[in-house]
Amino acid sequence: MRRADHRRASRPARHPRTGAATPGGAPLAVAGLGLRLPGVTRVGDLVRRLGGPPAPPPAVRRFAAPGSDLDPVERLAWGPVEPRVPETAAGRGLRALPYESLLALAAAASARDMAAAGPAPVTGETTAPVDPATVVGAGPPARPGSDDGPVAVLWASSTAGLSEYATVCVEAATLDPGLCSPLLGPASAFNGPAATVSIRLGLDGPNETLTGGPTAGLSALAEAGRLVAEGSAGRALVGGSATVSRWSLAGAAGDTEAGAGGETGAWAADGAGCLALRPCRDGEPGVRLGRVLRLGLDPADLVTQCRDLVRGGSAPGTPPDGPLVVSTGDADLVDALAKDHAWPVWHLERVLGDFGAAGGLLAAICAVAHCVHTPPPASLLVLAVEPSGNAAIMEVLSWEASTLSSGCSADTSPSGGVSARRTSTTTAS
Amino acid sequence: MSPLDRDPTTLVRPPGGSRPDVVVSGTGAVSAAGLGTAALWRAVTERRVLTGPVTRFDLSGYPARRGAEVPPDAVAGLDALVPAHRCLAARYLAAAALEALRDAGVPARSRRHRLGVFVGTVMATRPLLDRGIGAGRLAVPAGGGWARPDDLLAPLRAVLTVTGPAVLLAPGCAAGNSAIAAGSRAVAAGEVDVAVCAGVSELSLEILAMFTSLRALADDTVRPFDVDRRGTIPGEGAAVLVLEPGERVRARGRRPLARVLACAAAADAHNPTRPHPDGAGLVATVRGCLDRAGLTADDVDWVSAHGTGTPASDGIEARALARALPGRRRPVVSSVKGQLGHPEGAAAALEAVLAVRALTEDFVPGNVTLRKPDPACDGIDLVEPAGRRTPVRTVLSPAFGFGGGVSTVLLGRCDDAAS
């Protein structure tokens with residue numbers, strides 16, 4: 001990965017003066033974020049991972065699939081991650097939830113709580129007491145027609161439910177018919193995280209799960225923008241998650257003794273991240289999501305087309321004017337893009353790990369973290385590309401004042417980390 | 001200027017641009033009736049019940065051993081249409097998409113239009129893992145693939161050129177409607193010229209094992225809304241709706257089949273497996289669709305119900321529909337799952353294809369397996385098994401599933417609809 005001078009990333013970039021530049025036409029401001037990532041507990045950790053030296057390889061973990069003919073393996077993989085479900089989302093039955101759903105719930109609850117936390121410091125995890133009355137989606141579920149409208153939940157994952165699915169298969173093979181655990185089957189689909197977030201947080205807006213490759217995460221953001229634009233939702237929690245299992249390693253391409261993707265330094269990872277989004281108004285300062293372009297490229301020539309795509313994101317005759325965060329399994333593609341990109345190019349999979357369908361979403365979160373860390377205005381492009389040619393590119397930006405529409409402003413902590421401080425009195429509830 | 005402002009293909013329609021008329025220009029289906037929309041419609045209108053003994057797996061020892069399989073001759077017929085692939089669902093999808101594009105008169109291989117695919121699924125390629133289920137330890141099939149959900153699109157990509165987004169939606173059994181809604185939004189926003197919207201599912205031994213453990217399977221027939229209903233029966237297949245701006249269809253001398261009047265989504269936010277006892281999400285989406293379309297309950301000519309035949313769900317759905325559609329007449333309701341079983345990820349899309357045919361044929365399919373209506377259905381008008389020949393101008397098609405996600409689509413007849 002190319003690591004250009006990080007200081008250049010803080011150079012002011014051009015920014016739109018209209019609030020129209022957002023997916024689906026609804027300006028979306030970032031009101032909060034929640035992270036459950038290996039080695040990352042605060043936004044500052046994320047920024048350090050982006051701009052710092054390459055992280056040492058993850059620890060070796062052992063993965064087994066009892067009841068099957070798959071032998072246990074030891075692989076380098078990021079994780080596991082302690083869910084640390086916030087008290088605002090805790091309750092009975094948490095232990096029965098699948099691990100990935102717990103990570104999702106924790107990240108979503110943190111994002112929601114940050115959006116509602118008022119002027120308390122927010123650092124990627126909720127530390128301040130939260131008044132439940134101001135929490136997005138807390139209390140009785142809002143119905144269409146209420147002041148802010150319902151809260152949509154959109155989630156990207158390619159691993160949710162896989163272990164449960166495989167376990168049902170094992171039990172179907174080894175137990176008498178009908179003796180499979182009735183708890184496993186309903187958790188064996190992809191939508192466990194989105195359903196858990198909706199049920200546990202009482203969110204009755206649209207509930208969608210996207211899967212596939214890393215573009216799914218950016219598509220989740222795009223669809224959220226459209227749902228808000230058409231009035232189906234007043235706000236949205238958009239997240240992504242991944243977990244590593246013996247099943248995901250055996251079922252994915254490229255598993256080696258170094259770990260899936262290990263030869264490129266993109267090891268499989270556990271984790272979750274979530275953004276709390278709400279509409280923002282013209283001229284309102286803050287971190288916001290810019291436009292998204294989704295398209296199918298010719299897989300025979302991804303480098304040229306992706307290069308054009310990134311260049312196309314800049315004004316005519318000028319080079320791209322901000323860092324680029326890329327989520328893809330193709331390390332050569334990222335290296336090729338870095339060769340002629342004047343700004344830092346961060347490869348999510350090498351910085352944080354391979355999160356499958358959640359990659360694009362986590363790349364967007366990295367961009368948000370960078371904007372929180374960097375004095376405004378700042379702007380980044382986020383690119384997700386799959387071997388099939390499926391691609392999406394999104395702009396993430398902040399501008400003008402030190403107060404952000406999200407209520408977060410950059411604030412270097414004494415420890416050298418970065419926190420985000422809520423400075424607006426506007427809540428997202 | 002925003003970096004992406006200059007690209008005319010960004011998601012946002014230019015300010016002042018009117019929302020285009022999103023229409024259905026073609027349909028395709030692979031189902032327990034065989035290959036093609038015509039075969040599906042014929043089976044439904046001929047009142048054939050397509051559930052039967054499962055032949056693909058060894059279900060000896062299971063208390064309920066029935067499914068709605070795509071017939072073996074239809075599976076064999078895929079060889080002439082689409083590339084080989086280990087995942088049957090992926091082949092169903094490709095075959096249905098080719099039929100739908102042909103029906104629409106849209107070339108499958110072109111980079112001159114922006115074509116996106118929006119596919120709803122519940123399990124994607126995971127049923128590949130089922131093939132290792134036998135006696136004893138799970139014999140994991142070589143080649144993986146069950147952990148690569150995007151492999152579901154591989155045969156589709158081999159037969160058509162995807163120049164726009166490829167989006168896989170997996171929100172549970174409402175997946176087909178979620179795909180239609182996402183595709184409709186993409187067309188309306190000007191992101192794509194053509195949206196291939198699909199739902200797809202493959203009969204899965206894992207699903208059969210799961211429903212067995214939940215005691216949710218019928219051992220004879222699916223009887224939606226019947227007081228003696230005993231459960232559902234899994235099915236499979238794929239269905240595709242091609243969506244385009246109406247003017248684009250007319251400009252090439254074709255008449256739209258139907259119009260997408262509105263889509264709405266919500267969540268019950270209640271329980272992973274049980275619907276909200278008040279049908280809260282369903283009511284919200286039905287009202288949302290009517291509000292957006294500017295219609296009233298009396299404008300809905302047919303509700304193509306989710307109606308899975310499970311004791312827990314159908315009564316809640318019936319009462320919710322009655323509450324959400326309080327018109328001068330009781331809502332006209334039937335479920336085709338008595339005939340098709342429950343094809344999970346394909347269900348809503350198959351029902352949408354049937355809705356399009358109902359609009360063009362002025363015929364409402366009946367509750368073919370209904371014998372004695374559940375008293376919970378007093379507030380709705382259950383269509384008699386023979387179906388009804390009647391003007392059909394609008395069809396409401398709700399879908400929901402495990403996890404609590406609800407997605408409803410409202411389709412309407414085009415004034416210049418093809419017939």
# chains A, B, ... in the order shown; residues from 1 in each chain; ligands from 1
>>> select_by_dssp(residues="segment 184-271 of chain B", states="strand (DSSP E or B)", output="VMD selection string")
chain B and resid 194 to 201 217 226 232 234 to 235 237 to 245 258 to 267
>>> write_last_selection(atoms="N, CA and C atoms", output="tab-separated table (two decimals), in the first residue's frame")
chain	number	residue	atom	x	y	z
B	194	VAL	N	-32.53	0.13	-17.30
B	194	VAL	CA	-33.21	-1.16	-17.19
B	194	VAL	C	-32.84	-1.79	-15.85
B	195	ALA	N	-33.86	-2.17	-15.10
B	195	ALA	CA	-33.62	-2.86	-13.84
B	195	ALA	C	-34.15	-4.28	-13.95
B	196	VAL	N	-33.27	-5.24	-13.82
B	196	VAL	CA	-33.67	-6.65	-13.78
B	196	VAL	C	-33.89	-7.00	-12.32
B	197	CYS	N	-35.15	-7.12	-11.93
B	197	CYS	CA	-35.49	-7.32	-10.52
B	197	CYS	C	-35.95	-8.75	-10.31
B	198	ALA	N	-35.34	-9.44	-9.36
B	198	ALA	CA	-35.58	-10.88	-9.26
B	198	ALA	C	-35.70	-11.34	-7.82
B	199	GLY	N	-36.33	-12.48	-7.69
B	199	GLY	CA	-36.28	-13.23	-6.45
B	199	GLY	C	-35.93	-14.66	-6.82
B	200	VAL	N	-35.13	-15.31	-5.99
B	200	VAL	CA	-34.66	-16.64	-6.37
B	200	VAL	C	-34.45	-17.51	-5.14
B	201	SER	N	-34.70	-18.78	-5.31
B	201	SER	CA	-34.52	-19.71	-4.19
B	201	SER	C	-34.35	-21.13	-4.73
B	217	LEU	N	-44.21	-27.44	9.16
B	217	LEU	CA	-44.45	-28.01	7.83
B	217	LEU	C	-45.78	-28.74	7.77
B	226	ASP	N	-57.04	-21.25	5.84
B	226	ASP	CA	-58.00	-22.30	6.21
B	226	ASP	C	-57.92	-22.54	7.71
B	232	THR	N	-46.57	-24.86	6.27
B	232	THR	CA	-46.20	-24.52	4.90
B	232	THR	C	-45.40	-25.66	4.28
B	234	PRO	N	-41.97	-25.91	1.64
B	234	PRO	CA	-40.98	-25.12	0.91
B	234	PRO	C	-41.05	-25.37	-0.60
B	235	GLY	N	-40.71	-24.34	-1.33
B	235	GLY	CA	-40.67	-24.44	-2.79
B	235	GLY	C	-39.38	-23.84	-3.31
B	237	GLY	N	-37.53	-21.72	-7.11
B	237	GLY	CA	-37.71	-21.12	-8.42
B	237	GLY	C	-37.07	-19.76	-8.50
B	238	ALA	N	-37.42	-19.06	-9.55
B	238	ALA	CA	-36.94	-17.68	-9.73
B	238	ALA	C	-37.98	-16.93	-10.55
B	239	ALA	N	-38.05	-15.66	-10.33
B	239	ALA	CA	-38.94	-14.82	-11.12
B	239	ALA	C	-38.27	-13.47	-11.32
B	240	VAL	N	-38.51	-12.90	-12.49
B	240	VAL	CA	-37.87	-11.63	-12.85
B	240	VAL	C	-38.90	-10.67	-13.42
B	241	LEU	N	-38.82	-9.45	-12.98
B	241	LEU	CA	-39.55	-8.34	-13.59
B	241	LEU	C	-38.52	-7.39	-14.17
B	242	VAL	N	-38.69	-7.03	-15.42
B	242	VAL	CA	-37.85	-6.00	-16.01
B	242	VAL	C	-38.57	-4.66	-15.84
B	243	LEU	N	-37.91	-3.73	-15.18
B	243	LEU	CA	-38.49	-2.40	-14.96
B	243	LEU	C	-37.74	-1.37	-15.81
B	244	GLU	N	-38.49	-0.44	-16.35
B	244	GLU	CA	-37.90	0.63	-17.16
B	244	GLU	C	-38.78	1.87	-17.01
B	245	PRO	N	-38.26	3.01	-17.41
B	245	PRO	CA	-39.15	4.17	-17.54
B	245	PRO	C	-40.17	3.90	-18.64
B	258	ALA	N	-47.37	-3.43	-17.01
B	258	ALA	CA	-47.96	-2.93	-15.77
B	258	ALA	C	-47.11	-1.77	-15.28
B	259	ARG	N	-47.61	-1.11	-14.26
B	259	ARG	CA	-46.90	0.03	-13.70
B	259	ARG	C	-46.60	-0.25	-12.22
B	260	VAL	N	-45.43	0.15	-11.78
B	260	VAL	CA	-45.12	0.08	-10.34
B	260	VAL	C	-45.68	1.35	-9.71
B	261	LEU	N	-46.77	1.20	-8.99
B	261	LEU	CA	-47.43	2.38	-8.42
B	261	LEU	C	-46.75	2.83	-7.13
B	262	ALA	N	-46.31	1.88	-6.33
B	262	ALA	CA	-45.67	2.25	-5.05
B	262	ALA	C	-45.02	1.03	-4.43
B	263	CYS	N	-44.03	1.29	-3.62
B	263	CYS	CA	-43.39	0.25	-2.80
B	263	CYS	C	-43.24	0.82	-1.39
B	264	ALA	N	-43.33	-0.03	-0.43
B	264	ALA	CA	-43.12	0.42	0.96
B	264	ALA	C	-42.52	-0.71	1.78
B	265	ALA	N	-41.68	-0.34	2.72
B	265	ALA	CA	-41.03	-1.34	3.57
B	265	ALA	C	-41.09	-0.90	5.03
B	266	ALA	N	-41.10	-1.87	5.91
B	266	ALA	CA	-41.13	-1.59	7.35
B	266	ALA	C	-40.62	-2.83	8.07
B	267	ALA	N	-40.56	-2.73	9.38
B	267	ALA	CA	-40.17	-3.89	10.19
B	267	ALA	C	-41.14	-4.02	11.35
>>> closest_atom_pairs(of="chain A", to="chain B", cutoff="6 Å", atoms="only C-alpha atoms", output="CSV")
residue,atom,partner,partner_atom,distance
A:His15,CA,B:Ser2,CA,5.9
A:Pro16,CA,B:Ser2,CA,4.9
A:Pro23,CA,B:Leu11,CA,6.0
A:Gly24,CA,B:Val12,CA,5.2
A:Gly25,CA,B:Val12,CA,5.3
A:Gly67,CA,B:Arg137,CA,5.1
A:Ser68,CA,B:Leu138,CA,4.3
A:Asp69,CA,B:Ala139,CA,5.6
A:Cys169,CA,B:Glu206,CA,5.8
A:Val170,CA,B:Leu138,CA,5.3
A:Ala173,CA,B:Ile133,CA,5.0
A:Thr174,CA,B:Gly136,CA,5.2
A:Pro177,CA,B:Tyr62,CA,5.4
A:Gly178,CA,B:Ser213,CA,4.5
A:Cys180,CA,B:Ser213,CA,5.8
A:Pro182,CA,B:Ser213,CA,5.3
A:Gly185,CA,B:Met210,CA,4.9
A:Ala189,CA,B:Met123,CA,5.8
A:Asn191,CA,B:Pro171,CA,5.3
A:Ala195,CA,B:Gly403,CA,4.7
A:Ser198,CA,B:Ala269,CA,5.2
A:Ile199,CA,B:Ala269,CA,4.1
A:Gly202,CA,B:Ala269,CA,5.4
A:Leu203,CA,B:Ala269,CA,5.9
A:Asp204,CA,B:Ala267,CA,4.5
A:Gly205,CA,B:Ala266,CA,4.6
A:Pro206,CA,B:Ala266,CA,4.0
A:Asn207,CA,B:Gly405,CA,5.5
A:Glu208,CA,B:Pro171,CA,5.1
A:Thr209,CA,B:Pro171,CA,4.8
A:Leu210,CA,B:Leu169,CA,4.5
A:Thr211,CA,B:Leu168,CA,5.5
A:Gly212,CA,B:Asp150,CA,4.5
A:Ser248,CA,B:Ala147,CA,5.6
A:Gly251,CA,B:Gly144,CA,3.8
A:Ala252,CA,B:Ala147,CA,5.4
A:Leu293,CA,B:Thr10,CA,5.0
A:Arg294,CA,B:Pro165,CA,5.1
A:Leu295,CA,B:Gly164,CA,4.0
A:Gly296,CA,B:Thr163,CA,4.2
A:Gly313,CA,B:Pro3,CA,4.1
A:Ser314,CA,B:Pro3,CA,4.8
>>> atom_distance(atom1="atom CA of Arg56 of chain B", atom2="atom CA of Ala218 of chain B")
18.2 Å
>>> residues_around(residues="segment 107-111 of chain A", least_positions_apart="5", cutoff="6 Å", atoms="only C-alpha atoms", output="PDB file with N, CA, C and O atoms, in the first residue's frame")
ATOM      1  N   GLY A  32     -23.569   9.740  13.988  1.00  0.00           N
ATOM      2  CA  GLY A  32     -22.905   8.906  14.980  1.00  0.00           C
ATOM      3  C   GLY A  32     -22.298   7.698  14.320  1.00  0.00           C
ATOM      4  O   GLY A  32     -22.649   7.346  13.187  1.00  0.00           O
ATOM      5  N   LEU A  33     -21.344   7.101  15.003  1.00  0.00           N
ATOM      6  CA  LEU A  33     -20.799   5.856  14.479  1.00  0.00           C
ATOM      7  C   LEU A  33     -20.444   4.932  15.626  1.00  0.00           C
ATOM      8  O   LEU A  33     -20.134   5.368  16.739  1.00  0.00           O
ATOM      9  N   GLY A  34     -20.536   3.653  15.327  1.00  0.00           N
ATOM     10  CA  GLY A  34     -20.181   2.635  16.308  1.00  0.00           C
ATOM     11  C   GLY A  34     -19.214   1.653  15.683  1.00  0.00           C
ATOM     12  O   GLY A  34     -19.373   1.274  14.519  1.00  0.00           O
ATOM     13  N   LEU A  35     -18.210   1.276  16.447  1.00  0.00           N
ATOM     14  CA  LEU A  35     -17.165   0.395  15.930  1.00  0.00           C
ATOM     15  C   LEU A  35     -16.962  -0.798  16.848  1.00  0.00           C
ATOM     16  O   LEU A  35     -16.892  -0.637  18.071  1.00  0.00           O
ATOM     17  N   ARG A  36     -16.893  -1.958  16.283  1.00  0.00           N
ATOM     18  CA  ARG A  36     -16.434  -3.156  16.998  1.00  0.00           C
ATOM     19  C   ARG A  36     -15.460  -3.858  16.064  1.00  0.00           C
ATOM     20  O   ARG A  36     -15.812  -4.766  15.333  1.00  0.00           O
ATOM     21  N   GLU A 125     -16.929   4.726  20.933  1.00  0.00           N
ATOM     22  CA  GLU A 125     -17.715   3.904  21.832  1.00  0.00           C
ATOM     23  C   GLU A 125     -18.442   4.842  22.788  1.00  0.00           C
ATOM     24  O   GLU A 125     -17.992   5.939  23.073  1.00  0.00           O
ATOM     25  N   THR A 126     -19.572   4.430  23.232  1.00  0.00           N
ATOM     26  CA  THR A 126     -20.377   5.298  24.064  1.00  0.00           C
ATOM     27  C   THR A 126     -19.881   5.252  25.497  1.00  0.00           C
ATOM     28  O   THR A 126     -19.779   4.192  26.087  1.00  0.00           O
ATOM     29  N   GLY A 273     -19.247  -2.365  12.067  1.00  0.00           N
ATOM     30  CA  GLY A 273     -19.270  -0.905  12.140  1.00  0.00           C
ATOM     31  C   GLY A 273     -20.626  -0.404  11.712  1.00  0.00           C
ATOM     32  O   GLY A 273     -21.340  -1.086  10.966  1.00  0.00           O
ATOM     33  N   CYS A 274     -20.994   0.753  12.201  1.00  0.00           N
ATOM     34  CA  CYS A 274     -22.322   1.284  11.880  1.00  0.00           C
ATOM     35  C   CYS A 274     -22.293   2.804  11.874  1.00  0.00           C
ATOM     36  O   CYS A 274     -21.625   3.430  12.704  1.00  0.00           O
ATOM     37  N   LEU A 275     -23.004   3.386  10.940  1.00  0.00           N
ATOM     38  CA  LEU A 275     -23.182   4.834  10.876  1.00  0.00           C
ATOM     39  C   LEU A 275     -24.638   5.176  11.179  1.00  0.00           C
ATOM     40  O   LEU A 275     -25.550   4.535  10.647  1.00  0.00           O
ATOM     41  N   ALA A 276     -24.844   6.171  12.030  1.00  0.00           N
ATOM     42  CA  ALA A 276     -26.178   6.733  12.221  1.00  0.00           C
ATOM     43  C   ALA A 276     -26.299   7.936  11.285  1.00  0.00           C
ATOM     44  O   ALA A 276     -25.471   8.849  11.350  1.00  0.00           O
TER      45      ALA A 276
END
>>> select_by_dssp(residues="segment 101-336 of chain B", states="alpha helix (DSSP H)", output="mmCIF file with C-alpha atoms, in the first residue's frame")
data_model
loop_
_atom_site.group_PDB
_atom_site.id
_atom_site.type_symbol
_atom_site.label_atom_id
_atom_site.label_comp_id
_atom_site.auth_asym_id
_atom_site.auth_seq_id
_atom_site.Cartn_x
_atom_site.Cartn_y
_atom_site.Cartn_z
ATOM 1 C CA LEU B 101 -35.461 -9.482 -21.191
ATOM 2 C CA ARG B 102 -36.688 -11.255 -24.297
ATOM 3 C CA ASP B 103 -40.248 -10.479 -23.265
ATOM 4 C CA ALA B 104 -39.292 -6.836 -22.821
ATOM 5 C CA ALA B 154 -22.274 -15.960 -12.036
ATOM 6 C CA PRO B 155 -24.516 -17.608 -14.682
ATOM 7 C CA LEU B 156 -26.499 -14.386 -14.971
ATOM 8 C CA ARG B 157 -23.330 -12.483 -15.761
ATOM 9 C CA ALA B 158 -22.471 -15.088 -18.363
ATOM 10 C CA VAL B 159 -25.673 -14.465 -20.312
ATOM 11 C CA ALA B 175 -36.564 -10.506 -0.675
ATOM 12 C CA GLY B 176 -38.331 -10.434 -4.027
ATOM 13 C CA ASN B 177 -40.284 -7.314 -3.149
ATOM 14 C CA SER B 178 -37.172 -5.672 -1.749
ATOM 15 C CA ALA B 179 -35.492 -6.274 -5.095
ATOM 16 C CA ILE B 180 -38.425 -4.804 -7.001
ATOM 17 C CA ALA B 181 -38.440 -1.765 -4.728
ATOM 18 C CA ALA B 182 -34.686 -1.198 -5.085
ATOM 19 C CA GLY B 183 -34.874 -1.581 -8.841
ATOM 20 C CA SER B 184 -37.828 0.760 -9.036
ATOM 21 C CA ARG B 185 -35.941 3.381 -7.055
ATOM 22 C CA ALA B 186 -32.940 2.999 -9.347
ATOM 23 C CA VAL B 187 -35.074 3.521 -12.439
ATOM 24 C CA ALA B 188 -36.892 6.453 -10.878
ATOM 25 C CA LEU B 205 -32.546 -29.563 2.960
ATOM 26 C CA GLU B 206 -31.398 -27.097 5.578
ATOM 27 C CA ILE B 207 -34.687 -25.228 5.204
ATOM 28 C CA LEU B 208 -36.631 -28.476 5.433
ATOM 29 C CA ALA B 209 -34.694 -29.461 8.561
ATOM 30 C CA MET B 210 -35.270 -26.025 10.068
ATOM 31 C CA PHE B 211 -39.023 -26.010 9.425
ATOM 32 C CA THR B 212 -39.234 -29.562 10.713
ATOM 33 C CA SER B 213 -37.637 -28.519 13.988
ATOM 34 C CA GLY B 246 -42.448 4.016 -19.377
ATOM 35 C CA GLU B 247 -41.341 6.380 -22.113
ATOM 36 C CA ARG B 248 -38.363 4.178 -22.882
ATOM 37 C CA VAL B 249 -40.606 1.181 -23.460
ATOM 38 C CA ARG B 250 -43.025 3.133 -25.608
ATOM 39 C CA ALA B 251 -40.191 4.688 -27.586
ATOM 40 C CA ALA B 280 -47.842 -3.637 12.535
ATOM 41 C CA GLY B 281 -45.293 -3.729 9.751
ATOM 42 C CA LEU B 282 -47.773 -5.047 7.243
ATOM 43 C CA VAL B 283 -50.325 -2.380 8.077
ATOM 44 C CA ALA B 284 -47.673 0.329 7.784
ATOM 45 C CA THR B 285 -46.551 -0.828 4.346
ATOM 46 C CA VAL B 286 -50.073 -1.224 2.970
ATOM 47 C CA ARG B 287 -50.963 2.274 4.092
ATOM 48 C CA GLY B 288 -47.635 3.554 2.818
ATOM 49 C CA CYS B 289 -48.266 2.129 -0.632
ATOM 50 C CA LEU B 290 -51.756 3.604 -0.836
ATOM 51 C CA ASP B 291 -50.551 7.000 0.363
ATOM 52 C CA ARG B 292 -47.775 7.136 -2.187
ATOM 53 C CA ALA B 293 -49.998 6.016 -5.016
ATOM 54 C CA PRO B 311 -51.093 -21.347 11.935
ATOM 55 C CA ALA B 312 -49.274 -18.375 13.446
ATOM 56 C CA SER B 313 -49.103 -16.131 10.436
ATOM 57 C CA ASP B 314 -52.219 -16.276 8.271
ATOM 58 C CA GLY B 315 -54.685 -15.078 10.884
ATOM 59 C CA ILE B 316 -52.499 -12.113 11.742
ATOM 60 C CA GLU B 317 -52.169 -11.261 8.070
ATOM 61 C CA ALA B 318 -55.924 -11.519 7.474
ATOM 62 C CA ARG B 319 -56.756 -9.215 10.363
ATOM 63 C CA ALA B 320 -54.034 -6.755 9.407
ATOM 64 C CA LEU B 321 -55.255 -6.569 5.807
ATOM 65 C CA ALA B 322 -58.784 -5.950 6.987
ATOM 66 C CA ARG B 323 -57.581 -3.146 9.217
ATOM 67 C CA ALA B 324 -55.295 -1.590 6.629
#
>>> residues_around(residues="segment 160-163 of chain A", least_positions_apart="6", cutoff="8 Å", atoms="only C-alpha atoms", output="list in words")
Pro98, Glu100, Ser101, Ala187, Ser188, Ala189, Phe190, Asn191, Gly192, Pro193, Ser241, Ala242, Thr243, Ser245, Trp247 and Ser248 of chain A; Arg126 and Ala147 of chain B
>>> residues_around(residues="Ala106 of chain A", least_positions_apart="5", cutoff="8 Å", atoms="only C-alpha atoms", output="PyMOL selection string")
chain A and resi 34+36+83-86+89
>>> write_last_selection(atoms="all heavy atoms", output="CSV table (one decimal), in the first residue's frame")
chain,number,residue,atom,x,y,z
A,34,GLY,N,-20.5,3.7,15.3
A,34,GLY,CA,-20.2,2.6,16.3
A,34,GLY,C,-19.2,1.7,15.7
A,34,GLY,O,-19.4,1.3,14.5
A,36,ARG,N,-16.9,-2.0,16.3
A,36,ARG,CA,-16.4,-3.2,17.0
A,36,ARG,C,-15.5,-3.9,16.1
A,36,ARG,O,-15.8,-4.8,15.3
A,36,ARG,CB,-17.6,-4.1,17.3
A,36,ARG,CG,-18.6,-3.5,18.4
A,36,ARG,CD,-18.0,-3.2,19.7
A,36,ARG,NE,-18.9,-2.7,20.7
A,36,ARG,CZ,-19.3,-1.4,20.8
A,36,ARG,NH1,-18.8,-0.5,20.0
A,36,ARG,NH2,-20.2,-1.1,21.7
A,83,PRO,N,-18.0,-8.0,22.0
A,83,PRO,CA,-19.1,-7.2,21.5
A,83,PRO,C,-19.4,-5.9,22.4
A,83,PRO,O,-19.7,-4.9,21.9
A,83,PRO,CB,-20.3,-8.2,21.6
A,83,PRO,CG,-19.7,-9.5,21.5
A,83,PRO,CD,-18.4,-9.4,22.2
A,84,ARG,N,-19.3,-6.0,23.7
A,84,ARG,CA,-19.5,-4.9,24.6
A,84,ARG,C,-20.8,-4.2,24.2
A,84,ARG,O,-20.8,-3.0,23.8
A,84,ARG,CB,-18.3,-3.9,24.5
A,84,ARG,CG,-17.1,-4.5,25.1
A,84,ARG,CD,-15.9,-3.4,25.1
A,84,ARG,NE,-15.5,-3.2,23.7
A,84,ARG,CZ,-15.7,-2.0,23.1
A,84,ARG,NH1,-16.3,-1.0,23.7
A,84,ARG,NH2,-15.2,-1.9,21.8
A,85,VAL,N,-21.9,-4.9,24.3
A,85,VAL,CA,-23.2,-4.3,24.0
A,85,VAL,C,-23.5,-3.2,25.0
A,85,VAL,O,-23.5,-3.4,26.2
A,85,VAL,CB,-24.3,-5.4,24.0
A,85,VAL,CG1,-25.7,-4.7,23.8
A,85,VAL,CG2,-24.0,-6.5,23.0
A,86,PRO,N,-23.8,-2.0,24.5
A,86,PRO,CA,-24.1,-0.9,25.5
A,86,PRO,C,-25.3,-1.2,26.3
A,86,PRO,O,-26.2,-1.9,25.9
A,86,PRO,CB,-24.4,0.3,24.5
A,86,PRO,CG,-23.7,0.0,23.3
A,86,PRO,CD,-23.8,-1.5,23.2
A,89,ALA,N,-28.8,-1.0,25.1
A,89,ALA,CA,-29.4,-2.1,24.2
A,89,ALA,C,-29.3,-3.5,24.9
A,89,ALA,O,-29.7,-4.5,24.2
A,89,ALA,CB,-28.5,-2.2,22.9
>>> decode(residues="segment 62-85 of chain B", atoms="C-alpha atoms", output="PDB file, in the first residue's frame")
ATOM      1  CA  TYR B  62     -38.927 -36.833   8.241  1.00  0.00           C
ATOM      2  CA  PRO B  63     -42.537 -36.344   9.323  1.00  0.00           C
ATOM      3  CA  ALA B  64     -43.293 -34.075   6.360  1.00  0.00           C
ATOM      4  CA  ARG B  65     -41.629 -34.921   3.063  1.00  0.00           C
ATOM      5  CA  ARG B  66     -43.193 -32.589   0.548  1.00  0.00           C
ATOM      6  CA  GLY B  67     -41.897 -29.696  -1.485  1.00  0.00           C
ATOM      7  CA  ALA B  68     -42.608 -27.747  -4.636  1.00  0.00           C
ATOM      8  CA  GLU B  69     -39.673 -28.675  -6.850  1.00  0.00           C
ATOM      9  CA  VAL B  70     -38.869 -27.381 -10.275  1.00  0.00           C
ATOM     10  CA  PRO B  71     -39.632 -30.516 -12.311  1.00  0.00           C
ATOM     11  CA  PRO B  72     -36.654 -32.611 -13.456  1.00  0.00           C
ATOM     12  CA  ASP B  73     -37.415 -32.041 -17.124  1.00  0.00           C
ATOM     13  CA  ALA B  74     -37.370 -28.297 -16.551  1.00  0.00           C
ATOM     14  CA  VAL B  75     -34.056 -28.561 -14.716  1.00  0.00           C
ATOM     15  CA  ALA B  76     -32.692 -30.540 -17.650  1.00  0.00           C
ATOM     16  CA  GLY B  77     -34.067 -27.896 -19.974  1.00  0.00           C
ATOM     17  CA  LEU B  78     -31.829 -25.302 -18.364  1.00  0.00           C
ATOM     18  CA  ASP B  79     -28.881 -26.842 -20.182  1.00  0.00           C
ATOM     19  CA  ALA B  80     -30.083 -25.351 -23.429  1.00  0.00           C
ATOM     20  CA  LEU B  81     -30.551 -21.918 -21.910  1.00  0.00           C
ATOM     21  CA  VAL B  82     -27.845 -21.081 -19.402  1.00  0.00           C
ATOM     22  CA  PRO B  83     -24.318 -22.177 -18.474  1.00  0.00           C
ATOM     23  CA  ALA B  84     -23.665 -25.016 -16.113  1.00  0.00           C
ATOM     24  CA  HIS B  85     -23.274 -24.077 -12.479  1.00  0.00           C
TER      25      HIS B  85
END
